[in-house]
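Asker: Next up is a structure, given as structure tokens.
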Amino acid sequence: MERAGSVAYGTITSEIRPGDGTPLEPRLVVTRRTRSDLWFRGTAYSAGTVVLLVLGLIGLFLALQSWPALHYMGLRFLTTPAWVPQSQHGHPASFGIGVAGIGTVIVAVIALVVAVPFSFGAALFISEYAPRTLLGVLPFKSALTSVVDLMAAVPSIIYGLWGLLVLEPHMIGLSRWMSDHLGFIPILKVPRGDSIYTGSFFIGGVLVGIMLLPIVTSLSREIFSLTPVAEREAALSLGASRARVIRDVVLPFGKGGLVGAVMLGLGRALGEAIAVATVISLSFVHNWHIVSPGANSIPALIADLFGSGGKLGREGMLAAGLVLFVFTLVVNTLASVVVGRTRARTR
Amino acid sequence: MTMSLGRRAVGVPPARPITAGREAGEMVAEGVCAWFGKRLVLEDVTLTMARNEVTALIGPSGCGKSTFLRILNRMHETIDGAQLAGTVSLNGTDIYGLEQRAVEVRRHIGMVFQRPNPFPAMTIAQNVLSGLRFNRLRVANPDEVVEEALVKAGLWNEVRNRLKALGGDLSGGQQQRLCIARALALRPSVLLMDEPCSALDPTSTRRIEQTIGDISHEVTVVIVTHNMQQAQRVSDRCAFFLAGEDEPGRVVEEGPTEQMFGNPDDPRTRDYVNGQFG
Ligand SMILES: Nc1ncnc2c1ncn2[C@@H]1O[C@H](COP(=O)(O)OP(=O)(O)OP(=O)(O)O)[C@@H](O)[C@H]1O
Ligand SMILES: [Mg+2]
């Protein structure tokens, strides 16, 4: 029997009696919602709307407040490296995120390079290899899971202090080793025998990477553990080793979700302020040598200089904030598109 | 083809390798017990699954049939807290011997699960070849392997023109036959089937029963089923499992299917096969 056209959501085609000449038309079906359903729907809808509204208002606030600075600098705001929001020695005020904007990306990329492999490894270990208990009593797996989650709850400033006092001294040796042995890679070279190695993009990025570990680990562990048992068992019953199961079942299943986890980490890395501001030496010159001192990022810039530079300085800060806001929104939107695509393809 | 030996424990004499290949294998379980955590769910099961025969495991829900089946190909140990006792041998070699590796044992003892579980993101052909891939076995003629396995599983005619379609896009009955083909592509000497037709329509069920008949000359089949007619139709021998309240499952009676259904020794078997039981 031929069904009429496509069926719209919420309607069901009427039964078609062949031969009685009536045109085939879907019949309108109304789903009456119960009161509790209506109430719940209303609450959910308004909560969702409020979130969007707040997001929009934040954007609007930033745009309005930063308008004078943006108007003053124009597009040069995006390219000007210096941050001099008050006229000095006869030079007019001039400021922008030429260095900070790129620096934000550099810090985030280094952070992801550090965080992603370790996080995936740790997540795979917890979900695939760690025994549920040690010696039959100690709850090993759940303990690991909680430790990772706890790490995510440590405040940024603590990471910042730890980074400055503990991590940085330890990273100097590694930085030196990298510039000595991998110096043929331009970004790892150190100019003019500069051999301090502190306050660099590298150290800032590694620190942010460490801060990302718990969240990326936690998300990807969750994703790995969602792999259908039936598929795992199918692979095992065909003689697959655990490594095979991971490669051919767990990872393909988790693909989309993993992209999402990384993107979420990226969002955090782009926005991390306090920890980065604590360890880097703020610099307003483009520094492509990531292990040598001198770094910058929008959030660190804001954390360091907010409140200085008078009215225009303040407005400039908000303009920098607006750029960061738009940037993270774009990254997250792209992330959801990518996640949606990968899921669709594996289905 | 012989099975290569895995890691060998110090002081343990090398066991006879499991011989496998085109030939069906004989499985013998002796004194098999199983625990989940501290709970004993299966006690002292001794059963011979003879070469080229179809053995049906029957019994009420929860009596340990699946557990027993999963002990036969070392899937039981993949569950946290699962333990077992007794010996299981394939062609005279203890599959739980210290020198045996579970992955290799499983390669020779295939399994079909209650719910079809093809790899949804792999194509039909990739699904069939997945076992070879997992075991890094290379074949010169993958297309022929795919065809042969699909023919044996009775799926070839339906999918021959769309081998590149995804495994998840088949109907439930087709998926189950794909899973059978996937298991057969590894040329196992034993095929374990856990209620393979419970999610299927009568036509697919018939199709799979026919498949079982067709393959039984080259692979020993052990099948769990709740369907008494099916047990009668496909099996040569039957084992009746039963668990009392708060007691582990045991084999009450086993023997040739005809006898089990026509003239069983134990009254409980008679009641069960006649549908007068729990
Ligand atoms: N993963 C598990 N953890 C703990 N107990 C389990 C587990 N799997 C099975 N059991 C228990 O072991 C006993 C035997 O289960 P099993 O699945 O082998 O029964 P079955 O005979 O296959 O039943 P059915 O016919 O319903 O499939 C049951 O009491 C069940 O509760
Ligand atoms: Mg079962």
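Chain labels run A, B, ... following the order of the structure tokens; each chain numbers its residues from 1, and ligands are numbered from 1 in the order shown.
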Return as a list of chain:residue names the residues belonging to chain B that are within 8 Å of chain A, counting only C-alpha atoms.
Answerer: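 My answer is B:Asn73, B:Met75, B:Asp80, B:Ala102, B:Val103, B:Glu104, B:Val105, B:Arg106, B:Arg107, B:Gly110, B:Met111, B:Asn117, B:Pro118, B:Phe119, B:Pro120, B:Ala121, B:Ser130, B:Gly131, B:Phe134, B:Asn135, B:Gly168, B:Ala183, B:Leu186.
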Asker: Export C-alpha atoms of the chosen residues as a compact mmCIF listing (two decimals), in the first residue's frame?
Answerer:
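Output (out-v6.txt):
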```
# COMPACT_ATOMS: atom_id res chain seq x y z
CA ASN B 73 35.51 -19.90 24.89
CA MET B 75 34.62 -15.10 27.60
CA ASP B 80 35.01 -8.54 36.66
CA ALA B 102 42.63 -16.52 25.64
CA VAL B 103 42.73 -14.62 22.35
CA GLU B 104 43.93 -17.67 20.49
CA VAL B 105 41.46 -19.95 22.18
CA ARG B 106 38.65 -17.64 21.13
CA ARG B 107 39.85 -17.64 17.58
CA GLY B 110 33.61 -18.85 17.74
CA MET B 111 30.59 -17.32 19.37
CA ASN B 117 26.14 -7.43 17.34
CA PRO B 118 27.74 -6.61 14.01
CA PHE B 119 30.20 -3.73 13.99
CA PRO B 120 27.83 -0.99 12.90
CA ALA B 121 30.44 1.27 11.35
CA SER B 130 37.09 -8.49 11.04
CA GLY B 131 38.13 -11.67 12.82
CA PHE B 134 41.93 -8.82 14.66
CA ASN B 135 44.23 -11.83 14.51
CA GLY B 168 24.22 -1.80 11.03
CA ALA B 183 32.46 -16.18 13.18
CA LEU B 186 37.84 -17.62 11.08
```
Asker: So which residues are near ligand 1, meaning at most 10 Å away with only C-alpha atoms and all ligand atoms counted, given back as a compact mmCIF listing (two decimals) with all heavy atoms, in the first residue's frame?
Answerer:
```txt
# COMPACT_ATOMS: atom_id res chain seq x y z
N ALA B 34 31.20 -22.27 38.29
CA ALA B 34 31.39 -20.85 37.98
C ALA B 34 30.86 -19.99 39.11
O ALA B 34 29.85 -20.32 39.73
CB ALA B 34 30.68 -20.49 36.68
N TRP B 35 31.59 -18.92 39.37
CA TRP B 35 31.17 -17.95 40.38
C TRP B 35 31.10 -16.56 39.77
O TRP B 35 31.92 -16.21 38.92
CB TRP B 35 32.18 -17.86 41.51
CG TRP B 35 32.32 -19.06 42.38
CD1 TRP B 35 31.75 -19.26 43.60
CD2 TRP B 35 33.15 -20.22 42.15
NE1 TRP B 35 32.13 -20.45 44.13
CE2 TRP B 35 33.00 -21.06 43.27
CE3 TRP B 35 33.98 -20.63 41.11
CZ2 TRP B 35 33.65 -22.29 43.38
CZ3 TRP B 35 34.64 -21.84 41.21
CH2 TRP B 35 34.47 -22.67 42.33
N PHE B 36 30.15 -15.77 40.23
CA PHE B 36 30.22 -14.33 40.03
C PHE B 36 30.43 -13.74 41.41
O PHE B 36 29.55 -13.81 42.25
CB PHE B 36 28.92 -13.79 39.41
CG PHE B 36 28.79 -14.13 37.95
CD1 PHE B 36 27.88 -15.08 37.52
CD2 PHE B 36 29.59 -13.49 37.02
CE1 PHE B 36 27.77 -15.39 36.18
CE2 PHE B 36 29.48 -13.81 35.67
CZ PHE B 36 28.58 -14.76 35.25
N GLY B 37 31.59 -13.17 41.63
CA GLY B 37 31.93 -12.73 42.98
C GLY B 37 31.98 -13.95 43.87
O GLY B 37 32.68 -14.92 43.58
N LYS B 38 31.20 -13.94 44.94
CA LYS B 38 31.21 -15.08 45.86
C LYS B 38 30.09 -16.06 45.54
O LYS B 38 29.96 -17.10 46.17
CB LYS B 38 31.04 -14.57 47.30
CG LYS B 38 32.24 -13.77 47.77
CD LYS B 38 32.41 -13.89 49.27
CE LYS B 38 33.82 -13.58 49.74
NZ LYS B 38 34.48 -12.51 48.98
N ARG B 39 29.24 -15.69 44.58
CA ARG B 39 28.06 -16.50 44.32
C ARG B 39 28.33 -17.60 43.31
O ARG B 39 28.75 -17.34 42.19
CB ARG B 39 26.94 -15.57 43.81
CG ARG B 39 25.63 -16.23 43.77
CD ARG B 39 24.49 -15.26 43.62
NE ARG B 39 23.44 -15.94 42.92
CZ ARG B 39 23.01 -15.62 41.70
NH1 ARG B 39 23.48 -14.55 41.11
NH2 ARG B 39 22.08 -16.34 41.12
N LEU B 40 28.11 -18.83 43.76
CA LEU B 40 28.28 -19.98 42.87
C LEU B 40 27.05 -20.09 41.99
O LEU B 40 25.93 -20.20 42.50
CB LEU B 40 28.46 -21.24 43.72
CG LEU B 40 28.66 -22.55 42.96
CD1 LEU B 40 29.98 -22.57 42.22
CD2 LEU B 40 28.57 -23.74 43.92
N VAL B 41 27.21 -20.04 40.68
CA VAL B 41 26.03 -20.10 39.82
C VAL B 41 25.98 -21.37 38.98
O VAL B 41 24.97 -21.67 38.36
CB VAL B 41 25.96 -18.87 38.87
CG1 VAL B 41 25.85 -17.59 39.67
CG2 VAL B 41 27.12 -18.84 37.92
N LEU B 42 27.10 -22.10 38.97
CA LEU B 42 27.14 -23.30 38.15
C LEU B 42 27.98 -24.31 38.89
O LEU B 42 29.06 -23.98 39.38
CB LEU B 42 27.79 -22.96 36.81
CG LEU B 42 27.53 -23.84 35.60
CD1 LEU B 42 26.03 -23.86 35.29
CD2 LEU B 42 28.29 -23.28 34.41
N LEU B 57 21.77 -26.75 24.64
CA LEU B 57 21.68 -26.56 26.08
C LEU B 57 20.31 -25.95 26.36
O LEU B 57 19.98 -24.90 25.83
CB LEU B 57 22.78 -25.61 26.58
CG LEU B 57 24.21 -25.91 26.11
CD1 LEU B 57 25.18 -24.89 26.71
CD2 LEU B 57 24.64 -27.32 26.49
N ILE B 58 19.52 -26.65 27.15
CA ILE B 58 18.19 -26.13 27.46
C ILE B 58 18.03 -25.99 28.97
O ILE B 58 18.82 -26.56 29.74
CB ILE B 58 17.07 -27.04 26.89
CG1 ILE B 58 17.22 -28.46 27.45
CG2 ILE B 58 17.11 -27.05 25.37
CD1 ILE B 58 16.06 -29.37 27.07
N GLY B 59 17.03 -25.24 29.35
CA GLY B 59 16.77 -25.08 30.78
C GLY B 59 16.18 -23.72 31.04
O GLY B 59 16.27 -22.82 30.20
N PRO B 60 15.56 -23.58 32.20
CA PRO B 60 14.89 -22.31 32.51
C PRO B 60 15.86 -21.14 32.63
O PRO B 60 17.07 -21.33 32.74
CB PRO B 60 14.18 -22.58 33.83
CG PRO B 60 14.70 -23.85 34.35
CD PRO B 60 15.38 -24.57 33.26
N SER B 61 15.31 -19.96 32.61
CA SER B 61 16.11 -18.75 32.68
C SER B 61 16.93 -18.69 33.97
O SER B 61 16.42 -19.05 35.04
CB SER B 61 15.18 -17.55 32.59
OG SER B 61 15.93 -16.38 32.51
N GLY B 62 18.17 -18.27 33.85
CA GLY B 62 18.99 -18.06 35.04
C GLY B 62 19.68 -19.30 35.56
O GLY B 62 20.28 -19.28 36.63
N CYS B 63 19.62 -20.41 34.82
CA CYS B 63 20.22 -21.63 35.34
C CYS B 63 21.67 -21.79 34.94
O CYS B 63 22.31 -22.78 35.27
CB CYS B 63 19.40 -22.84 34.90
SG CYS B 63 19.40 -23.05 33.12
N GLY B 64 22.22 -20.82 34.20
CA GLY B 64 23.65 -20.85 33.94
C GLY B 64 24.06 -21.32 32.55
O GLY B 64 25.24 -21.60 32.32
N LYS B 65 23.13 -21.37 31.61
CA LYS B 65 23.47 -21.84 30.26
C LYS B 65 24.47 -20.90 29.59
O LYS B 65 25.49 -21.33 29.05
CB LYS B 65 22.21 -21.97 29.39
CG LYS B 65 21.12 -22.84 29.99
CD LYS B 65 19.91 -22.90 29.11
CE LYS B 65 19.23 -21.56 28.92
NZ LYS B 65 18.63 -21.00 30.15
N SER B 66 24.15 -19.60 29.65
CA SER B 66 25.05 -18.63 29.01
C SER B 66 26.40 -18.64 29.70
O SER B 66 27.45 -18.57 29.05
CB SER B 66 24.47 -17.22 29.09
OG SER B 66 23.25 -17.16 28.42
N THR B 67 26.37 -18.74 31.01
CA THR B 67 27.63 -18.76 31.76
C THR B 67 28.47 -19.94 31.32
O THR B 67 29.67 -19.80 31.06
CB THR B 67 27.32 -18.85 33.27
OG1 THR B 67 26.46 -17.77 33.61
CG2 THR B 67 28.59 -18.77 34.08
N PHE B 68 27.83 -21.09 31.20
CA PHE B 68 28.56 -22.28 30.77
C PHE B 68 29.13 -22.08 29.36
O PHE B 68 30.30 -22.37 29.10
CB PHE B 68 27.64 -23.50 30.80
CG PHE B 68 28.30 -24.76 30.33
CD1 PHE B 68 29.30 -25.36 31.09
CD2 PHE B 68 27.94 -25.34 29.12
CE1 PHE B 68 29.93 -26.51 30.65
CE2 PHE B 68 28.57 -26.50 28.68
CZ PHE B 68 29.56 -27.08 29.45
N LEU B 69 28.31 -21.54 28.49
CA LEU B 69 28.75 -21.33 27.11
C LEU B 69 29.96 -20.41 27.07
O LEU B 69 30.92 -20.63 26.33
CB LEU B 69 27.59 -20.73 26.30
CG LEU B 69 27.62 -20.94 24.80
CD1 LEU B 69 27.43 -22.42 24.49
CD2 LEU B 69 26.53 -20.13 24.11
N ARG B 70 29.89 -19.36 27.89
CA ARG B 70 30.99 -18.38 27.88
C ARG B 70 32.26 -18.94 28.52
O ARG B 70 33.34 -18.41 28.31
CB ARG B 70 30.55 -17.10 28.57
CG ARG B 70 29.47 -16.35 27.78
CD ARG B 70 28.83 -15.26 28.62
NE ARG B 70 29.80 -14.29 29.05
CZ ARG B 70 30.05 -13.16 28.39
NH1 ARG B 70 29.39 -12.86 27.30
NH2 ARG B 70 30.96 -12.32 28.84
N ILE B 71 32.08 -19.99 29.32
CA ILE B 71 33.28 -20.64 29.87
C ILE B 71 33.98 -21.43 28.76
O ILE B 71 35.19 -21.57 28.75
CB ILE B 71 32.90 -21.54 31.06
CG1 ILE B 71 32.57 -20.66 32.27
CG2 ILE B 71 34.01 -22.52 31.39
CD1 ILE B 71 32.07 -21.41 33.47
N HIS B 76 34.04 -15.87 29.81
CA HIS B 76 33.63 -15.71 31.21
C HIS B 76 34.61 -14.83 31.97
O HIS B 76 34.22 -13.96 32.74
CB HIS B 76 33.56 -17.11 31.85
CG HIS B 76 33.10 -17.13 33.28
ND1 HIS B 76 31.83 -16.71 33.63
CD2 HIS B 76 33.72 -17.52 34.42
CE1 HIS B 76 31.71 -16.84 34.95
NE2 HIS B 76 32.83 -17.33 35.45
N THR B 78 36.27 -12.38 31.13
CA THR B 78 36.29 -10.94 30.82
C THR B 78 35.39 -10.15 31.75
O THR B 78 35.40 -8.93 31.74
CB THR B 78 35.84 -10.67 29.37
OG1 THR B 78 34.48 -11.07 29.22
CG2 THR B 78 36.70 -11.42 28.37
N ILE B 79 34.60 -10.86 32.55
CA ILE B 79 33.71 -10.16 33.49
C ILE B 79 34.43 -10.00 34.83
O ILE B 79 35.04 -10.95 35.33
CB ILE B 79 32.40 -10.95 33.67
CG1 ILE B 79 31.63 -10.97 32.35
CG2 ILE B 79 31.55 -10.35 34.78
CD1 ILE B 79 30.41 -11.84 32.37
N ASP B 80 34.37 -8.80 35.38
CA ASP B 80 35.01 -8.54 36.66
C ASP B 80 34.45 -9.45 37.74
O ASP B 80 33.24 -9.56 37.90
CB ASP B 80 34.72 -7.09 37.08
CG ASP B 80 35.87 -6.18 36.71
OD1 ASP B 80 37.03 -6.64 36.81
OD2 ASP B 80 35.61 -5.04 36.31
N GLY B 81 35.33 -10.11 38.45
CA GLY B 81 34.88 -10.92 39.58
C GLY B 81 34.40 -12.31 39.21
O GLY B 81 33.95 -13.06 40.07
N ALA B 82 34.47 -12.65 37.91
CA ALA B 82 34.01 -13.98 37.51
C ALA B 82 35.13 -15.00 37.71
O ALA B 82 36.29 -14.74 37.39
CB ALA B 82 33.58 -13.96 36.05
N GLN B 114 23.24 -13.61 21.70
CA GLN B 114 21.78 -13.59 21.68
C GLN B 114 21.26 -12.44 20.82
O GLN B 114 20.34 -12.60 20.04
CB GLN B 114 21.29 -13.45 23.11
CG GLN B 114 19.79 -13.34 23.22
CD GLN B 114 19.33 -13.50 24.66
OE1 GLN B 114 20.14 -13.77 25.55
NE2 GLN B 114 18.06 -13.35 24.89
N ASP B 194 24.42 -18.53 21.48
CA ASP B 194 23.59 -18.26 22.65
C ASP B 194 22.24 -17.69 22.21
O ASP B 194 22.13 -16.52 21.89
CB ASP B 194 24.31 -17.27 23.58
CG ASP B 194 23.68 -17.23 24.96
OD1 ASP B 194 22.60 -17.83 25.13
OD2 ASP B 194 24.28 -16.61 25.86
N GLU B 195 21.24 -18.52 22.20
CA GLU B 195 19.90 -18.11 21.75
C GLU B 195 19.97 -17.25 20.50
O GLU B 195 19.51 -16.11 20.49
CB GLU B 195 19.19 -17.33 22.86
CG GLU B 195 19.01 -18.13 24.13
CD GLU B 195 18.28 -17.31 25.18
OE1 GLU B 195 17.29 -16.66 24.79
OE2 GLU B 195 18.69 -17.32 26.35
N VAL B 224 22.43 -22.68 22.73
CA VAL B 224 21.49 -22.49 23.83
C VAL B 224 20.17 -22.09 23.22
O VAL B 224 20.13 -21.22 22.35
CB VAL B 224 21.97 -21.36 24.77
CG1 VAL B 224 20.91 -21.07 25.83
CG2 VAL B 224 23.29 -21.71 25.42
N THR B 225 19.10 -22.72 23.64
CA THR B 225 17.80 -22.31 23.11
C THR B 225 16.69 -22.51 24.13
O THR B 225 16.74 -23.41 24.97
CB THR B 225 17.46 -23.06 21.81
OG1 THR B 225 16.17 -22.67 21.38
CG2 THR B 225 17.52 -24.56 21.98
N HIS B 226 15.71 -21.63 24.06
CA HIS B 226 14.52 -21.76 24.90
C HIS B 226 13.39 -22.40 24.14
O HIS B 226 12.31 -22.61 24.68
CB HIS B 226 14.07 -20.37 25.37
CG HIS B 226 14.88 -19.86 26.52
ND1 HIS B 226 14.78 -20.39 27.77
CD2 HIS B 226 15.80 -18.88 26.60
CE1 HIS B 226 15.61 -19.75 28.58
NE2 HIS B 226 16.25 -18.82 27.89
N PHE B 241 19.77 -28.08 31.85
CA PHE B 241 20.32 -27.36 33.01
C PHE B 241 19.18 -26.95 33.91
O PHE B 241 18.12 -26.56 33.45
CB PHE B 241 21.06 -26.09 32.58
CG PHE B 241 22.42 -26.32 32.00
CD1 PHE B 241 22.57 -27.01 30.81
CD2 PHE B 241 23.55 -25.82 32.62
CE1 PHE B 241 23.82 -27.21 30.25
CE2 PHE B 241 24.81 -26.01 32.08
CZ PHE B 241 24.95 -26.71 30.90
N LEU B 242 19.45 -26.99 35.21
CA LEU B 242 18.41 -26.58 36.14
C LEU B 242 19.06 -26.03 37.40
O LEU B 242 20.07 -26.55 37.86
CB LEU B 242 17.52 -27.78 36.49
CG LEU B 242 16.26 -27.49 37.28
CD1 LEU B 242 15.34 -26.56 36.50
CD2 LEU B 242 15.52 -28.81 37.57
N ALA B 243 18.48 -24.96 37.92
CA ALA B 243 18.99 -24.40 39.18
C ALA B 243 17.83 -24.32 40.15
O ALA B 243 16.77 -23.81 39.82
CB ALA B 243 19.57 -23.00 38.94
N GLU B 245 16.07 -23.01 43.77
CA GLU B 245 16.06 -21.69 44.38
C GLU B 245 17.31 -21.50 45.23
O GLU B 245 17.64 -22.35 46.05
CB GLU B 245 14.82 -21.56 45.27
CG GLU B 245 14.05 -20.27 44.99
CD GLU B 245 12.71 -20.33 45.68
OE1 GLU B 245 11.76 -20.90 45.08
OE2 GLU B 245 12.60 -19.84 46.80
N ASP B 246 18.01 -20.39 45.02
CA ASP B 246 19.26 -20.13 45.74
C ASP B 246 20.27 -21.24 45.63
O ASP B 246 21.08 -21.47 46.52
CB ASP B 246 18.96 -19.86 47.23
CG ASP B 246 18.47 -18.45 47.44
OD1 ASP B 246 18.98 -17.55 46.75
OD2 ASP B 246 17.58 -18.26 48.27
N GLU B 247 20.19 -21.96 44.55
CA GLU B 247 21.17 -23.00 44.33
C GLU B 247 21.82 -22.79 42.98
O GLU B 247 21.22 -22.20 42.09
CB GLU B 247 20.49 -24.38 44.34
CG GLU B 247 20.31 -24.97 45.72
CD GLU B 247 19.73 -26.37 45.62
OE1 GLU B 247 20.28 -27.17 44.84
OE2 GLU B 247 18.74 -26.63 46.31
N PRO B 248 23.04 -23.28 42.82
CA PRO B 248 23.68 -23.14 41.52
C PRO B 248 23.05 -24.05 40.48
O PRO B 248 22.38 -25.02 40.83
CB PRO B 248 25.14 -23.55 41.80
CG PRO B 248 25.06 -24.42 43.00
CD PRO B 248 23.91 -23.92 43.81
N GLY B 249 23.26 -23.72 39.20
CA GLY B 249 22.75 -24.56 38.13
C GLY B 249 23.55 -25.84 38.00
O GLY B 249 24.75 -25.87 38.26
```
Asker: Please provide the set of residues having any atom within 10 Å of range 177-182 of chain A, restricted to only C-alpha atoms, with same-chain residues fewer than 4 positions apart removed, written as a PyMOL selection string.
Answerer: chain A and resi 171-173+186-191+195+197+289-292
Asker: Neighbouring residues of range 261-263 of chain B were defined as those with any atom within 12 Å, considering only C-alpha atoms; residues of the same chain fewer than 2 positions away were excluded. Please report them as a PyMOL selection string.
Answerer: chain B and resi 58+228-233+235-240+253-259+265-275
Asker: With N, CA and C atoms retained, export the selected residues as a CSV table (one decimal), in the first residue's frame.
Answerer:
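To be explicit, this is the file written out as again.csv:
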```csv
chain,number,residue,atom,x,y,z
B,58,ILE,N,19.5,-26.7,27.1
B,58,ILE,CA,18.2,-26.1,27.5
B,58,ILE,C,18.0,-26.0,29.0
B,228,MET,N,11.8,-25.4,22.5
B,228,MET,CA,11.9,-26.9,22.5
B,228,MET,C,11.9,-27.5,21.1
B,229,GLN,N,11.0,-26.9,20.2
B,229,GLN,CA,10.9,-27.4,18.9
B,229,GLN,C,12.3,-27.2,18.2
B,230,GLN,N,12.9,-26.0,18.4
B,230,GLN,CA,14.2,-25.7,17.8
B,230,GLN,C,15.2,-26.7,18.3
B,231,ALA,N,15.2,-27.0,19.6
B,231,ALA,CA,16.2,-28.0,20.1
B,231,ALA,C,16.0,-29.3,19.4
B,232,GLN,N,14.7,-29.7,19.2
B,232,GLN,CA,14.5,-31.0,18.6
B,232,GLN,C,14.9,-31.0,17.1
B,233,ARG,N,14.6,-29.8,16.5
B,233,ARG,CA,14.9,-29.8,15.0
B,233,ARG,C,16.4,-29.8,14.8
B,235,SER,N,19.3,-30.3,17.1
B,235,SER,CA,20.3,-30.8,17.9
B,235,SER,C,20.4,-32.4,17.8
B,236,ASP,N,21.6,-32.9,18.0
B,236,ASP,CA,21.8,-34.3,18.1
B,236,ASP,C,21.7,-34.8,19.5
B,237,ARG,N,22.3,-33.9,20.4
B,237,ARG,CA,22.3,-34.2,21.8
B,237,ARG,C,21.8,-33.0,22.6
B,238,CYS,N,21.3,-33.2,23.8
B,238,CYS,CA,20.7,-32.2,24.6
B,238,CYS,C,21.2,-32.3,26.0
B,239,ALA,N,21.4,-31.1,26.6
B,239,ALA,CA,21.7,-31.1,28.0
B,239,ALA,C,20.7,-30.2,28.7
B,240,PHE,N,20.1,-30.7,29.8
B,240,PHE,CA,19.1,-30.0,30.5
B,240,PHE,C,19.7,-29.4,31.8
B,253,GLU,N,20.2,-33.8,33.3
B,253,GLU,CA,20.2,-34.9,32.4
B,253,GLU,C,20.8,-34.5,31.1
B,254,GLU,N,21.5,-35.4,30.4
B,254,GLU,CA,21.9,-35.1,29.1
B,254,GLU,C,21.9,-36.4,28.3
B,255,GLY,N,21.7,-36.3,27.0
B,255,GLY,CA,21.7,-37.5,26.2
B,255,GLY,C,21.3,-37.2,24.8
B,256,PRO,N,21.0,-38.2,23.9
B,256,PRO,CA,20.6,-37.9,22.6
B,256,PRO,C,19.2,-37.2,22.6
B,257,THR,N,19.1,-36.3,21.7
B,257,THR,CA,17.9,-35.4,21.7
B,257,THR,C,16.6,-36.3,21.7
B,258,GLU,N,16.6,-37.3,20.8
B,258,GLU,CA,15.4,-38.2,20.8
B,258,GLU,C,15.0,-38.7,22.1
B,259,GLN,N,16.0,-39.2,22.8
B,259,GLN,CA,15.7,-39.8,24.1
B,259,GLN,C,15.3,-38.7,25.1
B,265,ASP,N,15.0,-39.8,31.5
B,265,ASP,CA,15.1,-40.5,32.7
B,265,ASP,C,14.5,-39.8,33.9
B,266,ASP,N,14.7,-38.5,33.9
B,266,ASP,CA,14.4,-37.6,35.0
B,266,ASP,C,13.0,-37.0,34.8
B,267,PRO,N,12.2,-37.1,35.8
B,267,PRO,CA,10.8,-36.5,35.6
B,267,PRO,C,10.9,-35.0,35.4
B,268,ARG,N,11.9,-34.3,36.0
B,268,ARG,CA,12.0,-32.9,35.8
B,268,ARG,C,12.3,-32.5,34.3
B,269,THR,N,13.1,-33.4,33.7
B,269,THR,CA,13.3,-33.2,32.2
B,269,THR,C,12.0,-33.3,31.5
B,270,ARG,N,11.3,-34.4,31.8
B,270,ARG,CA,10.0,-34.6,31.1
B,270,ARG,C,9.1,-33.4,31.2
B,271,ASP,N,9.0,-32.9,32.4
B,271,ASP,CA,8.1,-31.7,32.7
B,271,ASP,C,8.6,-30.6,31.8
B,272,TYR,N,9.9,-30.4,31.8
B,272,TYR,CA,10.4,-29.2,31.2
B,272,TYR,C,10.2,-29.3,29.6
B,273,VAL,N,10.6,-30.4,29.1
B,273,VAL,CA,10.5,-30.5,27.6
B,273,VAL,C,9.0,-30.5,27.1
B,274,ASN,N,8.1,-30.8,28.1
B,274,ASN,CA,6.7,-30.8,27.7
B,274,ASN,C,6.1,-29.5,28.1
B,275,GLY,N,6.9,-28.6,28.5
B,275,GLY,CA,6.4,-27.2,28.8
B,275,GLY,C,5.6,-27.1,30.1
```
Asker: Extract the full set of helix (DSSP H, G or I) residues from range 95-126 of chain B according to DSSP on the backbone, and format it as a VMD selection string.
Answerer: chain B and resid 102 to 108 124 to 126
Asker: Go through A:Ala335, A:Arg27, A:Arg176, A:Glu315 and flag the residue nearest Gly260 in chain A, using only C-alpha atoms for the distances.
Answerer: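 Ranked by minimum distance to Gly260 in chain A, first place goes to A:Ala335.
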Asker: So which one's closest to Leu164 in chain A, A:Ser308, A:Ser283, A:Ser142, A:Thr278? Using only C-alpha atoms, please.
Answerer: A:Thr278
Asker: Could the residues of range 215-257 of chain B that have an atom at most 12 Å from range 152-159 of chain B be listed as a tab-separated table, each with its closest atom pair and the distance in Å to one decimal, counting only C-alpha atoms and ordered by chain and ascending residue number?
Answerer:
```
residue	atom	partner	partner_atom	distance
B:Ile215	CA	B:Lys152	CA	6.9
B:Ser216	CA	B:Lys152	CA	10.7
B:His217	CA	B:Lys152	CA	11.7
B:Glu218	CA	B:Lys152	CA	10.9
B:Val219	CA	B:Lys152	CA	11.6
```
Asker: With DSSP run on the backbone, what are the strand (DSSP E) residues within range 123-299 of chain A? I'd like them as a count of residues only.
Answerer: 4
Asker: Would you work out the distance separating CA of Gly265 in chain A from CA of Ile215 in chain A, expressed in Å to one decimal?
Answerer: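 These atoms are spaced 7.1 Å apart.
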Asker: Which residue out of B:Ile223, B:Leu47, B:Leu191, B:Val145 has the minimum interatomic distance to ligand 2 when only C-alpha atoms and all ligand atoms are used?
Answerer: B:Ile223
Asker: Identify, on the basis of only C-alpha atoms, every residue whose closest approach to Cys33 in chain B does not exceed 6 Å; exclude the query and any residue fewer than 2 positions from it along the same chain; express the result as JSON, numbers by chain.
Answerer: {"B": [42, 43, 44, 84, 85]}
Asker: Within 6 Å of range 111-121 of chain A, counting only C-alpha atoms, which residues qualify if same-chain residues fewer than 3 places away don't, as a PyMOL selection string?
Answerer: chain A and resi 108+124+205-206+208-209+213+216-217
